[in-house]
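Accompanying notes for the structure given below.
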Number of protein chains: 2
Amino acid sequence: MDRWWRDLVFSSKEEYEGFCRRYAQLPEGVRASTVRFGFAPVERPDRQLLMDLSLVVLDEPTVRWAARFTSSAFPGVPVRIGRAMQGRPIQGFVINNRIANVGTAHGEEYALRVRERVGEAVGIDPGLLVPSSTGIIGWELPVERMCEEVEGLVRGVGSADGLALARAIMTTDAYPKLCGVQVGEGMVWGMAKGAGMIEPHLATMLVFLFTDVEVDQDVLDGVLGEVVDRTFNCISVDGDQSTSDSVFLVSTARKGRVEEGVFREALERVCGFLAEQVVRNGEGTGHVVRVEVRGWDDETARGVGKAVVNSPLFKTAIAGCDPNVGRVLAAAGAWLGRRGVRLQPEGLRVWMADHLVFEKGRFLLDREKEVLLSSYLRATAVEPSGKVFPPHQRLVDVRLEYDEGDGRAVVLGSDLTVEYVHINADYRS
Amino acid sequence: MDRWWRDLVFSSKEEYEGFCRRYAQLPEGVRASTVRFGFAPVERPDRQLLMDLSLVVLDEPTVRWAARFTSSAFPGVPVRIGRAMQGRPIQGFVINNRIANVGTAHGEEYALRVRERVGEAVGIDPGLLVPSSTGIIGWELPVERMCEEVEGLVRGVGSADGLALARAIMTTDAYPKLCGVQVGEGMVWGMAKGAGMIEPHLATMLVFLFTDVEVDQDVLDGVLGEVVDRTFNCISVDGDQSTSDSVFLVSTARKGRVEEGVFREALERVCGFLAEQVVRNGEGTGHVVRVEVRGWDDETARGVGKAVVNSPLFKTAIAGCDPNVGRVLAAAGAWLGRRGVRLQPEGLRVWMADHLVFEKGRFLLDREKEVLLSSYLRATAVEPSGKVFPPHQRLVDVRLEYDEGDGRAVVLGSDLTVEYVHINADYRS
């Protein structure tokens with residue numbers, strides 16, 4: 001995939017915000033509003049938390065939308081509701097952060113009550129509104145406080161731009177993630193929140209994609225499936241999958257049609273960027289690692305790539321700028337072996353950056369190569385603590401090429417740093 | 001399984017060594033020797049490393065042995081040789097630590113040369129000796145230095161007891177791991193090294209089990225398979241599987257026979273203990289976690305258990321003494337969902353210690369329960385840094401019970417601490 005963002009460099013938070021502002025305009029036919037308020041959770045009445053509640057309204061109802069949800073067998077209430085709405089028209093989204101609405105006594109009742117209240121206030125059938133939540137698992141939505149805020153929320157429709165919206169869906173994300181690309185007379189615009197299941201209880205990836213070009217529902221669905229499979233389904237921060245992952249794509253059909261291929265490419269440019277930013281923005285992420293695998297079949301290639309980026313030992317080595325390529329082979333070999341897939345080491349070549357490190361069944365390691373690779377790893381790192389913008393878009397390139405099969409996969413992952421453990425070991429009581 | 005070791009408490013390294021000394025005697029018909037020497041690896045001639053080379057000799061050749069090896073598709077040379085020897089008689093083991101003999105140019109040649117030299121010196125057909133190595137992946141065995149040490153090694157046969165041997169197979173293990181149990185007129189004795197693939201390059205689990213009671217080869221093999229499946233195949237330190245995992249079981253048949261059930265129970269008592277010690281001894285391990293799953297089928301139950309103990313978010317929460325039970329459900333749900341296994345949350349109950357934390361589709365969390373569970377997690381912890389003996393044998397108990405199916409699994413894992421990352425991010429150059 002074309003990494004059109006690869007040379008972006010930011011030297012300050014302000015510079016990064018300037019970049020985001022370029023993408024602040026929402027596609028035609030999409031308006032938004034967002035409010036922030038404090039509340040005391042019933043489970044912890046001694047605490048005061050902040051919630052952002054957002055509303056996205058389409059000018060008219062549409063069946064031109066598609067979605068993909070977490071495959072978790074323990075999904076949140078919004079995922080269950082959203083799934084049931086598939087194939088029916090929608091006219092907007094009610095989104096909150098802070099509480100994921102998963103595994104609670106009143107989850108469904110509260111989600112529907114908030115939606116009802118918003119629908120009434122904005123004059124839309126509540127059944128046309130898709131609820132979407134991320135945040136703490138196991139805690140109840142602050143339903144009373146949310147309902148109190150609805151009037152202000154609805155009054156503000158049209159006041160929030162794409163950047164405000166991308167900020168309002170963040171939980172522990174260090175910075176907003178959004179972009180847009182021109183396509184025909186219109187655009188494809190997207191925003192994402194999430195960085196694995198990083199903060200205690202806070203889960204996880206939400207992606208909203210809007211386009212004003214006219215695309216039919218079946219095309220939206222097919223193209224979204226393909227593109228999600230190559231982008232969001234090929235990333236991993238910590239291998240932990242959330243109860244709340246959702247990706248939505250909506251066409252307002254306010255501009256002319258474009259060819260399916262052109263639309264697919266635009267969507268992939270947006271999703272590719274957002275997927276990589278989710279990894280880069282992961283709390284504790286010091287390196288983004290790109291593992292490209294060629295050989296076997298596509299599914300096996302992806303499995304190998306994911307095994308490498310999810311190996312704690314490989315991840316910790318990268319965090320330490322240690323080009324410990326033995327761990328690449330150990331992770332790949334373990335994954336293949338467990339599935340009974342054969343590996344003739346003689347048919348495998350492994351590169352890090354542009355250095356061949358394994359060939360003909362043996363490692364090609366010497367002191368000089370190790371020094372070069374270590375400095376490469378230092379150059380691709382960012383300091384994970386205190387991160388409030390991405391200073392660069394570099395990544396660690398690992399390639400595995402196997403003589404048999406023409407499978408191909410590209411997987412993105414992050415390293416495993418002390419900061420990751422600190423953040424996630426945080427003691428709550 | 002009967003955790004006969006559960007109440008062991010040690011207040012010093014000396015006390016723990018006293019415990020180990022109780023198991024220092026090897027079964028009849030087994031003699032051992034061990035030497036330690038320094039060498040400069042060819043890949044890093046500026047460095048001086050220490051290697052332990054050990055020899056275990058059986059009084060006579062036997063076909064009464066069985067083994068299990070890593071399922072990695074990228075196994076080390078000793079694993080490949082050991083596998084090829086299955087079904088044929090053996091008369092001993094040549095074991096080294098420090099270099100795993102994986103993925104090098106001369107791996108097989110060097111392993112065979114060392115074996116040849118030992119066989120000649122001890123007067124045994126070299127083809128009867130099983131090589132076994134753990135340590136750095138990708139580096140060559142120091143074959144010349146090893147051959148130089150063979151004479152001293154062979155001269156010492158009979159001088160090393162089981163404790164010396166258990167020490168000599170350690171790599172980054174913090175303390176030796178061994179035990180024995182009486183069975184009939186004889187005993188089952190075992191030792192283990194390994195703690196995941198913990199130190200940079202150093203991999204990983206080796207287990208040697210000897211018995212002097214007479215057990216036929218087919219029984220050894222069947223019982224070993226069953227017991228390994230319930231013990232060593234149910235542990236995880238970091239989910240990373242090594243290129244070198246090997247478990248050997250040998251009967252010298254010097255004592256009378258015992259019933260198969262009696263033998264199996266004795267073997268399980270030894271393997272259960274050693275498997276737990278491998279987890280407890282893991283570098284960076286602060287908590288040992290035991291996840292018991294009842295429901296679905298056995299395989300699914302084990303998958304759920306492993307998904308929980310391998311979830312980085314659950315592991316980091318435990319490291320922080322945070323009873324974040326939402327992550328148990330998220331990990332189980334993700335694993336089940338990816339495999340298309342259904343989960344009716346209403347049919348699931350989850351406990352931590354003896355506290356019910358999830359029932360009827362909702363979490364049962366309140367401030368009091370969280371405080372109790374936090375103090376439980378603090379009581380089951382050990383300080384991972386500077387660990388040189390196990391102060392206690394406590395573990396964190398998590399139970400999942402599902403209404404459908406009668407599957408059952410017990411899985412042991414460790415937490416994920418800052419120490420783990422520090423150890424494995426160690427910068428080599």
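Starting from 1 in every chain, residues are counted up; chains themselves are A, B, ... following the order of the structure tokens, and ligands are numbered from 1 as listed.
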
- Fewer than 4 positions away in the same chain doesn't count, so skip those; otherwise give me all residues within 8 Å of range 102-115 of chain B, counting only C-alpha atoms, as a PyMOL selection string. (chain A and resi 361-363) or (chain B and resi 75-78+94+119+126+129+131+137-141+143+146-147+243)

Please, could you write that set of residues out with C-alpha atoms as a compact mmCIF listing (two decimals), in the first residue's frame?
```txt
# COMPACT_ATOMS: atom_id res chain seq x y z
CA GLY A 361 19.02 -22.27 6.97
CA ARG A 362 21.40 -20.03 8.87
CA PHE A 363 21.65 -16.60 10.43
CA PRO B 75 13.48 -26.59 15.92
CA GLY B 76 17.09 -26.79 17.03
CA VAL B 77 19.57 -29.43 15.92
CA PRO B 78 19.35 -31.44 19.18
CA VAL B 94 25.03 -34.94 26.61
CA GLY B 119 31.12 -41.73 23.38
CA PRO B 126 27.98 -42.40 20.37
CA LEU B 129 23.82 -40.62 23.38
CA PRO B 131 22.33 -34.39 22.64
CA ILE B 137 19.76 -19.03 19.04
CA GLY B 138 21.87 -18.48 15.95
CA TRP B 139 25.32 -18.88 17.50
CA GLU B 140 27.70 -21.82 16.96
CA LEU B 141 28.59 -24.36 19.66
CA VAL B 143 33.02 -27.23 19.62
CA MET B 146 33.65 -28.64 24.46
CA CYS B 147 35.83 -31.46 23.11
CA THR B 243 13.01 -23.93 19.36
```

- Do a neighbour search on range 40-54 of chain A at 6 Å with only C-alpha atoms, toss out local chain neighbours closer than 3 positions, and write the hits as a list of chain:residue names. A:Ser33, A:Thr34, A:Val35, A:Arg36, A:Phe37, A:Val94, A:Ile95, A:Asn96, A:Asn97, A:Arg98, A:Ala168

Go ahead and save the residues from that selection, with C-alpha atoms, as a JSON list (two decimals), in the first residue's frame.
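Resulting contents of selection17.json:
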```json
[["chain", "number", "residue", "atom", "x", "y", "z"],
["A", 33, "SER", "CA", -21.97, 18.24, 17.73],
["A", 34, "THR", "CA", -20.15, 17.33, 20.89],
["A", 35, "VAL", "CA", -20.44, 18.11, 24.63],
["A", 36, "ARG", "CA", -18.25, 17.27, 27.60],
["A", 37, "PHE", "CA", -19.47, 16.86, 31.16],
["A", 94, "VAL", "CA", -24.67, 8.81, 19.20],
["A", 95, "ILE", "CA", -21.14, 8.26, 20.48],
["A", 96, "ASN", "CA", -19.68, 8.34, 23.96],
["A", 97, "ASN", "CA", -16.27, 7.64, 25.40],
["A", 98, "ARG", "CA", -15.30, 6.70, 29.01],
["A", 168, "ALA", "CA", -14.27, 13.85, 21.39]]
```

Cut-off 6 Å: closest chain B/chain A atom pairs per residue, using only C-alpha atoms, as CSV:
```
residue,atom,partner,partner_atom,distance
B:Ser71,CA,A:Gly337,CA,5.1
B:Ser72,CA,A:Ala334,CA,4.1
B:Ala73,CA,A:Gly337,CA,4.2
B:Phe74,CA,A:Gly333,CA,4.6
B:Gly103,CA,A:Arg362,CA,4.6
B:Thr104,CA,A:Arg362,CA,4.7
B:Ala105,CA,A:Arg362,CA,5.7
B:Ile137,CA,A:Gly326,CA,5.8
B:Gly138,CA,A:Phe363,CA,5.8
B:Gln241,CA,A:Ala334,CA,5.7
B:Thr316,CA,A:Ala425,CA,4.7
B:Ala317,CA,A:Ala425,CA,4.5
B:Ala319,CA,A:Ala425,CA,5.9
B:Gly320,CA,A:Ala425,CA,4.1
B:Asp322,CA,A:Tyr427,CA,5.3
B:Gly326,CA,A:Ile137,CA,5.8
B:Gly333,CA,A:Ala73,CA,4.4
B:Ala334,CA,A:Ser72,CA,4.1
B:Leu336,CA,A:Ala73,CA,5.8
B:Gly337,CA,A:Ala73,CA,4.2
B:Arg338,CA,A:Ser71,CA,5.9
B:Leu343,CA,A:Ala73,CA,5.6
B:Gly361,CA,A:Gly103,CA,5.9
B:Arg362,CA,A:Gly103,CA,4.6
B:Phe363,CA,A:Gly138,CA,5.8
B:Val418,CA,A:Val418,CA,5.4
B:Val421,CA,A:Thr316,CA,5.7
B:Asn424,CA,A:Thr316,CA,5.5
B:Ala425,CA,A:Gly320,CA,4.1
B:Asp426,CA,A:Gly320,CA,5.8
B:Tyr427,CA,A:Asp322,CA,5.3
```

- Item | CA of Asp397 in chain A to CA of Ala301 in chain A, straight-line distance in Å | 15.7 Å

- Separation of CA of Gly225 in chain B and CA of Val130 in chain B, in Å? 19.4 Å

- Contacts of Val289 in chain A at 8 Å or less, counting only C-alpha atoms, minus same-chain residues fewer than 3 places along, as a PyMOL selection string? chain A and resi 309+395-398+412-415

- Message: Need the shell around Pro384 in chain A: protein/DNA/RNA residues with any atom at most 6 Å away, counting only C-alpha atoms. Skip same-chain ones fewer than 4 positions apart. Format as a ChimeraX atom specification?
- Response: /A:284-286

Suppose we keep N, CA, C and O atoms; can you now write the selection as a short mmCIF file (atom, residue, chain, number, x, y, z; two decimals), in the first residue's frame?
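Full text of selection_25.cif as output:
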```
data_model
loop_
_atom_site.label_atom_id
_atom_site.label_comp_id
_atom_site.auth_asym_id
_atom_site.auth_seq_id
_atom_site.Cartn_x
_atom_site.Cartn_y
_atom_site.Cartn_z
N GLY A 284 2.49 3.69 25.27
CA GLY A 284 3.66 2.85 25.45
C GLY A 284 4.38 2.51 24.16
O GLY A 284 5.48 1.97 24.19
N THR A 285 3.77 2.79 23.00
CA THR A 285 4.42 2.43 21.74
C THR A 285 5.67 3.27 21.51
O THR A 285 5.62 4.48 21.48
N GLY A 286 6.78 2.59 21.35
CA GLY A 286 8.04 3.26 21.04
C GLY A 286 8.48 3.04 19.59
O GLY A 286 9.20 3.84 19.02
#
```

- Residue among B:Leu220, B:Leu26, B:Met191, B:Ala379 lying closest to Ala275 in chain B, counting only C-alpha atoms: B:Met191

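Comparing the minimum interatomic distances between Gly180 in chain A and each of A:Pro27, A:Gly282, A:Pro61, A:Gly38, counting only C-alpha atoms, we find that A:Pro27 sits nearest.
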
Need the shell around Ser159 in chain A: protein/DNA/RNA residues with any atom at most 12 Å away, counting only C-alpha atoms. Skip same-chain ones fewer than 5 positions apart. Format as a PDB file with all heavy atoms, in the first residue's frame?
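Generated file (part_24.pdb):
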```pdb
ATOM      1  N   ALA A  24     -10.326  18.999   8.794  1.00  0.00           N
ATOM      2  CA  ALA A  24     -11.407  19.291   9.740  1.00  0.00           C
ATOM      3  C   ALA A  24     -12.777  19.314   9.086  1.00  0.00           C
ATOM      4  O   ALA A  24     -13.796  19.145   9.759  1.00  0.00           O
ATOM      5  CB  ALA A  24     -11.143  20.624  10.443  1.00  0.00           C
ATOM      6  N   GLN A  25     -12.814  19.517   7.769  1.00  0.00           N
ATOM      7  CA  GLN A  25     -14.123  19.618   7.117  1.00  0.00           C
ATOM      8  C   GLN A  25     -14.748  18.252   6.881  1.00  0.00           C
ATOM      9  O   GLN A  25     -14.129  17.360   6.295  1.00  0.00           O
ATOM     10  CB  GLN A  25     -13.958  20.349   5.782  1.00  0.00           C
ATOM     11  CG  GLN A  25     -15.301  20.867   5.267  1.00  0.00           C
ATOM     12  CD  GLN A  25     -15.205  21.308   3.818  1.00  0.00           C
ATOM     13  OE1 GLN A  25     -14.176  21.848   3.406  1.00  0.00           O
ATOM     14  NE2 GLN A  25     -16.265  21.068   3.058  1.00  0.00           N
ATOM     15  N   LEU A  26     -15.985  18.112   7.339  1.00  0.00           N
ATOM     16  CA  LEU A  26     -16.704  16.847   7.137  1.00  0.00           C
ATOM     17  C   LEU A  26     -17.301  16.810   5.733  1.00  0.00           C
ATOM     18  O   LEU A  26     -17.580  17.859   5.151  1.00  0.00           O
ATOM     19  CB  LEU A  26     -17.811  16.707   8.184  1.00  0.00           C
ATOM     20  CG  LEU A  26     -17.327  16.476   9.623  1.00  0.00           C
ATOM     21  CD1 LEU A  26     -18.441  16.762  10.627  1.00  0.00           C
ATOM     22  CD2 LEU A  26     -16.829  15.037   9.768  1.00  0.00           C
ATOM     23  N   VAL A  30     -23.074  15.691   6.311  1.00  0.00           N
ATOM     24  CA  VAL A  30     -22.735  15.184   7.644  1.00  0.00           C
ATOM     25  C   VAL A  30     -22.523  16.377   8.568  1.00  0.00           C
ATOM     26  O   VAL A  30     -21.701  17.251   8.280  1.00  0.00           O
ATOM     27  CB  VAL A  30     -21.430  14.351   7.611  1.00  0.00           C
ATOM     28  CG1 VAL A  30     -21.110  13.801   9.006  1.00  0.00           C
ATOM     29  CG2 VAL A  30     -21.506  13.235   6.582  1.00  0.00           C
ATOM     30  N   ARG A  31     -23.280  16.448   9.660  1.00  0.00           N
ATOM     31  CA  ARG A  31     -23.082  17.509  10.649  1.00  0.00           C
ATOM     32  C   ARG A  31     -22.878  16.886  12.032  1.00  0.00           C
ATOM     33  O   ARG A  31     -23.366  15.787  12.291  1.00  0.00           O
ATOM     34  CB  ARG A  31     -24.277  18.478  10.647  1.00  0.00           C
ATOM     35  CG  ARG A  31     -24.279  19.368   9.391  1.00  0.00           C
ATOM     36  CD  ARG A  31     -25.496  20.267   9.321  1.00  0.00           C
ATOM     37  NE  ARG A  31     -26.716  19.467   9.321  1.00  0.00           N
ATOM     38  CZ  ARG A  31     -27.860  19.857   9.879  1.00  0.00           C
ATOM     39  NH1 ARG A  31     -27.935  21.034  10.498  1.00  0.00           N
ATOM     40  NH2 ARG A  31     -28.928  19.084   9.830  1.00  0.00           N
ATOM     41  N   ALA A  32     -22.188  17.625  12.886  1.00  0.00           N
ATOM     42  CA  ALA A  32     -21.833  17.015  14.169  1.00  0.00           C
ATOM     43  C   ALA A  32     -21.895  18.011  15.309  1.00  0.00           C
ATOM     44  O   ALA A  32     -21.884  19.240  15.107  1.00  0.00           O
ATOM     45  CB  ALA A  32     -20.437  16.413  14.096  1.00  0.00           C
ATOM     46  N   SER A  33     -21.938  17.442  16.508  1.00  0.00           N
ATOM     47  CA  SER A  33     -21.968  18.239  17.735  1.00  0.00           C
ATOM     48  C   SER A  33     -21.325  17.414  18.835  1.00  0.00           C
ATOM     49  O   SER A  33     -21.342  16.181  18.782  1.00  0.00           O
ATOM     50  CB  SER A  33     -23.433  18.537  18.107  1.00  0.00           C
ATOM     51  OG  SER A  33     -23.503  19.118  19.382  1.00  0.00           O
ATOM     52  N   THR A  34     -20.763  18.084  19.805  1.00  0.00           N
ATOM     53  CA  THR A  34     -20.147  17.328  20.888  1.00  0.00           C
ATOM     54  C   THR A  34     -20.195  18.134  22.187  1.00  0.00           C
ATOM     55  O   THR A  34     -20.086  19.359  22.163  1.00  0.00           O
ATOM     56  CB  THR A  34     -18.709  16.890  20.484  1.00  0.00           C
ATOM     57  OG1 THR A  34     -18.103  16.217  21.568  1.00  0.00           O
ATOM     58  CG2 THR A  34     -17.846  18.055  20.055  1.00  0.00           C
ATOM     59  N   VAL A  35     -20.441  17.449  23.298  1.00  0.00           N
ATOM     60  CA  VAL A  35     -20.438  18.111  24.627  1.00  0.00           C
ATOM     61  C   VAL A  35     -19.581  17.278  25.578  1.00  0.00           C
ATOM     62  O   VAL A  35     -19.429  16.069  25.402  1.00  0.00           O
ATOM     63  CB  VAL A  35     -21.855  18.238  25.248  1.00  0.00           C
ATOM     64  CG1 VAL A  35     -22.702  19.233  24.471  1.00  0.00           C
ATOM     65  CG2 VAL A  35     -22.546  16.892  25.347  1.00  0.00           C
ATOM     66  N   SER A  54     -21.126  12.681  21.750  1.00  0.00           N
ATOM     67  CA  SER A  54     -21.108  13.278  20.410  1.00  0.00           C
ATOM     68  C   SER A  54     -22.307  12.799  19.616  1.00  0.00           C
ATOM     69  O   SER A  54     -22.802  11.691  19.809  1.00  0.00           O
ATOM     70  CB  SER A  54     -19.835  12.891  19.657  1.00  0.00           C
ATOM     71  OG  SER A  54     -18.696  13.295  20.381  1.00  0.00           O
ATOM     72  N   LEU A  55     -22.725  13.674  18.713  1.00  0.00           N
ATOM     73  CA  LEU A  55     -23.833  13.333  17.836  1.00  0.00           C
ATOM     74  C   LEU A  55     -23.402  13.630  16.408  1.00  0.00           C
ATOM     75  O   LEU A  55     -22.888  14.713  16.124  1.00  0.00           O
ATOM     76  CB  LEU A  55     -25.051  14.193  18.217  1.00  0.00           C
ATOM     77  CG  LEU A  55     -26.285  14.070  17.329  1.00  0.00           C
ATOM     78  CD1 LEU A  55     -26.844  12.661  17.321  1.00  0.00           C
ATOM     79  CD2 LEU A  55     -27.357  15.071  17.789  1.00  0.00           C
ATOM     80  N   VAL A  56     -23.572  12.651  15.533  1.00  0.00           N
ATOM     81  CA  VAL A  56     -23.347  12.873  14.105  1.00  0.00           C
ATOM     82  C   VAL A  56     -24.701  12.689  13.428  1.00  0.00           C
ATOM     83  O   VAL A  56     -25.357  11.668  13.638  1.00  0.00           O
ATOM     84  CB  VAL A  56     -22.333  11.865  13.532  1.00  0.00           C
ATOM     85  CG1 VAL A  56     -22.153  12.084  12.041  1.00  0.00           C
ATOM     86  CG2 VAL A  56     -21.009  11.973  14.260  1.00  0.00           C
ATOM     87  N   VAL A  57     -25.114  13.702  12.656  1.00  0.00           N
ATOM     88  CA  VAL A  57     -26.418  13.631  12.004  1.00  0.00           C
ATOM     89  C   VAL A  57     -26.231  13.712  10.494  1.00  0.00           C
ATOM     90  O   VAL A  57     -25.478  14.558   9.999  1.00  0.00           O
ATOM     91  CB  VAL A  57     -27.315  14.803  12.475  1.00  0.00           C
ATOM     92  CG1 VAL A  57     -28.651  14.768  11.738  1.00  0.00           C
ATOM     93  CG2 VAL A  57     -27.553  14.726  13.973  1.00  0.00           C
ATOM     94  N   GLY A 152     -28.353  20.449  24.970  1.00  0.00           N
ATOM     95  CA  GLY A 152     -27.197  21.224  24.505  1.00  0.00           C
ATOM     96  C   GLY A 152     -26.523  20.561  23.304  1.00  0.00           C
ATOM     97  O   GLY A 152     -26.087  21.230  22.369  1.00  0.00           O
ATOM     98  N   LEU A 153     -26.479  19.251  23.361  1.00  0.00           N
ATOM     99  CA  LEU A 153     -25.851  18.492  22.273  1.00  0.00           C
ATOM    100  C   LEU A 153     -26.585  18.749  20.961  1.00  0.00           C
ATOM    101  O   LEU A 153     -25.975  19.053  19.935  1.00  0.00           O
ATOM    102  CB  LEU A 153     -25.879  16.995  22.611  1.00  0.00           C
ATOM    103  CG  LEU A 153     -25.230  16.052  21.608  1.00  0.00           C
ATOM    104  CD1 LEU A 153     -23.713  16.214  21.614  1.00  0.00           C
ATOM    105  CD2 LEU A 153     -25.595  14.597  21.908  1.00  0.00           C
ATOM    106  N   VAL A 154     -27.905  18.667  21.015  1.00  0.00           N
ATOM    107  CA  VAL A 154     -28.708  18.807  19.802  1.00  0.00           C
ATOM    108  C   VAL A 154     -28.672  20.248  19.295  1.00  0.00           C
ATOM    109  O   VAL A 154     -28.616  20.505  18.087  1.00  0.00           O
ATOM    110  CB  VAL A 154     -30.152  18.329  20.072  1.00  0.00           C
ATOM    111  CG1 VAL A 154     -31.079  18.730  18.943  1.00  0.00           C
ATOM    112  CG2 VAL A 154     -30.157  16.810  20.260  1.00  0.00           C
ATOM    113  N   ALA A 164     -12.807  18.441  16.007  1.00  0.00           N
ATOM    114  CA  ALA A 164     -13.461  18.407  17.324  1.00  0.00           C
ATOM    115  C   ALA A 164     -14.043  17.033  17.589  1.00  0.00           C
ATOM    116  O   ALA A 164     -13.955  16.488  18.698  1.00  0.00           O
ATOM    117  CB  ALA A 164     -14.558  19.470  17.380  1.00  0.00           C
ATOM    118  N   LEU A 165     -14.614  16.447  16.546  1.00  0.00           N
ATOM    119  CA  LEU A 165     -15.237  15.132  16.667  1.00  0.00           C
ATOM    120  C   LEU A 165     -14.165  14.062  16.931  1.00  0.00           C
ATOM    121  O   LEU A 165     -14.335  13.203  17.804  1.00  0.00           O
ATOM    122  CB  LEU A 165     -15.978  14.836  15.355  1.00  0.00           C
ATOM    123  CG  LEU A 165     -17.072  13.787  15.368  1.00  0.00           C
ATOM    124  CD1 LEU A 165     -18.138  14.082  16.405  1.00  0.00           C
ATOM    125  CD2 LEU A 165     -17.708  13.712  13.974  1.00  0.00           C
TER     126      LEU A 165
END
```

- Message: Please list as a list of chain:residue names every residue within 8 Å of Val270 in chain A, counting only C-alpha atoms and excluding residues in the same chain fewer than 3 positions away.
- Response: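 Listing them by chain and then by number gives A:Cys179, A:Gly180, A:Val181, A:Val188, A:Trp189, A:Gly190, A:Ala266, A:Leu267, A:Phe273, A:Leu274.
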
Expected file: the selected residues, N, CA, C and O atoms, as an mmCIF file, in the first residue's frame:
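selection07.cif, written as the output of this step:
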```
data_model
loop_
_atom_site.group_PDB
_atom_site.id
_atom_site.type_symbol
_atom_site.label_atom_id
_atom_site.label_comp_id
_atom_site.auth_asym_id
_atom_site.auth_seq_id
_atom_site.Cartn_x
_atom_site.Cartn_y
_atom_site.Cartn_z
ATOM 1 N N CYS A 179 -8.256 11.913 8.786
ATOM 2 C CA CYS A 179 -7.753 12.381 7.500
ATOM 3 C C CYS A 179 -8.849 12.264 6.459
ATOM 4 O O CYS A 179 -9.912 11.696 6.706
ATOM 5 N N GLY A 180 -8.584 12.833 5.301
ATOM 6 C CA GLY A 180 -9.543 12.760 4.210
ATOM 7 C C GLY A 180 -8.797 12.749 2.891
ATOM 8 O O GLY A 180 -7.664 13.213 2.816
ATOM 9 N N VAL A 181 -9.417 12.172 1.876
ATOM 10 C CA VAL A 181 -8.816 12.271 0.541
ATOM 11 C C VAL A 181 -9.910 12.613 -0.464
ATOM 12 O O VAL A 181 -11.072 12.240 -0.296
ATOM 13 N N VAL A 188 -13.499 11.158 0.785
ATOM 14 C CA VAL A 188 -13.674 10.124 1.803
ATOM 15 C C VAL A 188 -12.970 10.651 3.036
ATOM 16 O O VAL A 188 -11.808 11.072 2.969
ATOM 17 N N TRP A 189 -13.697 10.670 4.143
ATOM 18 C CA TRP A 189 -13.153 11.233 5.380
ATOM 19 C C TRP A 189 -13.250 10.182 6.474
ATOM 20 O O TRP A 189 -14.220 9.409 6.507
ATOM 21 N N GLY A 190 -12.255 10.147 7.355
ATOM 22 C CA GLY A 190 -12.339 9.174 8.447
ATOM 23 C C GLY A 190 -11.648 9.637 9.700
ATOM 24 O O GLY A 190 -10.748 10.485 9.669
ATOM 25 N N ALA A 266 -9.332 5.223 -2.571
ATOM 26 C CA ALA A 266 -9.434 6.355 -1.639
ATOM 27 C C ALA A 266 -9.682 5.843 -0.220
ATOM 28 O O ALA A 266 -9.072 6.313 0.750
ATOM 29 N N LEU A 267 -10.575 4.862 -0.112
ATOM 30 C CA LEU A 267 -10.880 4.324 1.216
ATOM 31 C C LEU A 267 -9.642 3.674 1.826
ATOM 32 O O LEU A 267 -9.368 3.819 3.019
ATOM 33 N N PHE A 273 -3.891 4.863 6.562
ATOM 34 C CA PHE A 273 -3.338 5.902 7.427
ATOM 35 C C PHE A 273 -3.850 5.744 8.861
ATOM 36 O O PHE A 273 -3.082 5.714 9.816
ATOM 37 N N LEU A 274 -5.179 5.628 9.001
ATOM 38 C CA LEU A 274 -5.762 5.559 10.358
ATOM 39 C C LEU A 274 -5.275 4.314 11.098
ATOM 40 O O LEU A 274 -4.964 4.377 12.294
#
```

- Item | Shell around Met205 in chain A at 6 Å using only C-alpha atoms, local window under 5 positions removed, as a ChimeraX atom specification | /A:193-194,245

- Query: Just asking: which residues within range 34-211 of chain B are alpha helix (DSSP H) according to DSSP, as number ranges by chain?
  - Reply: B: 77-85, 107-122, 143-155, 162-168

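Coordinates place CA of Ala160 in chain A at a distance of 17.6 Å from CA of Ala121 in chain A.
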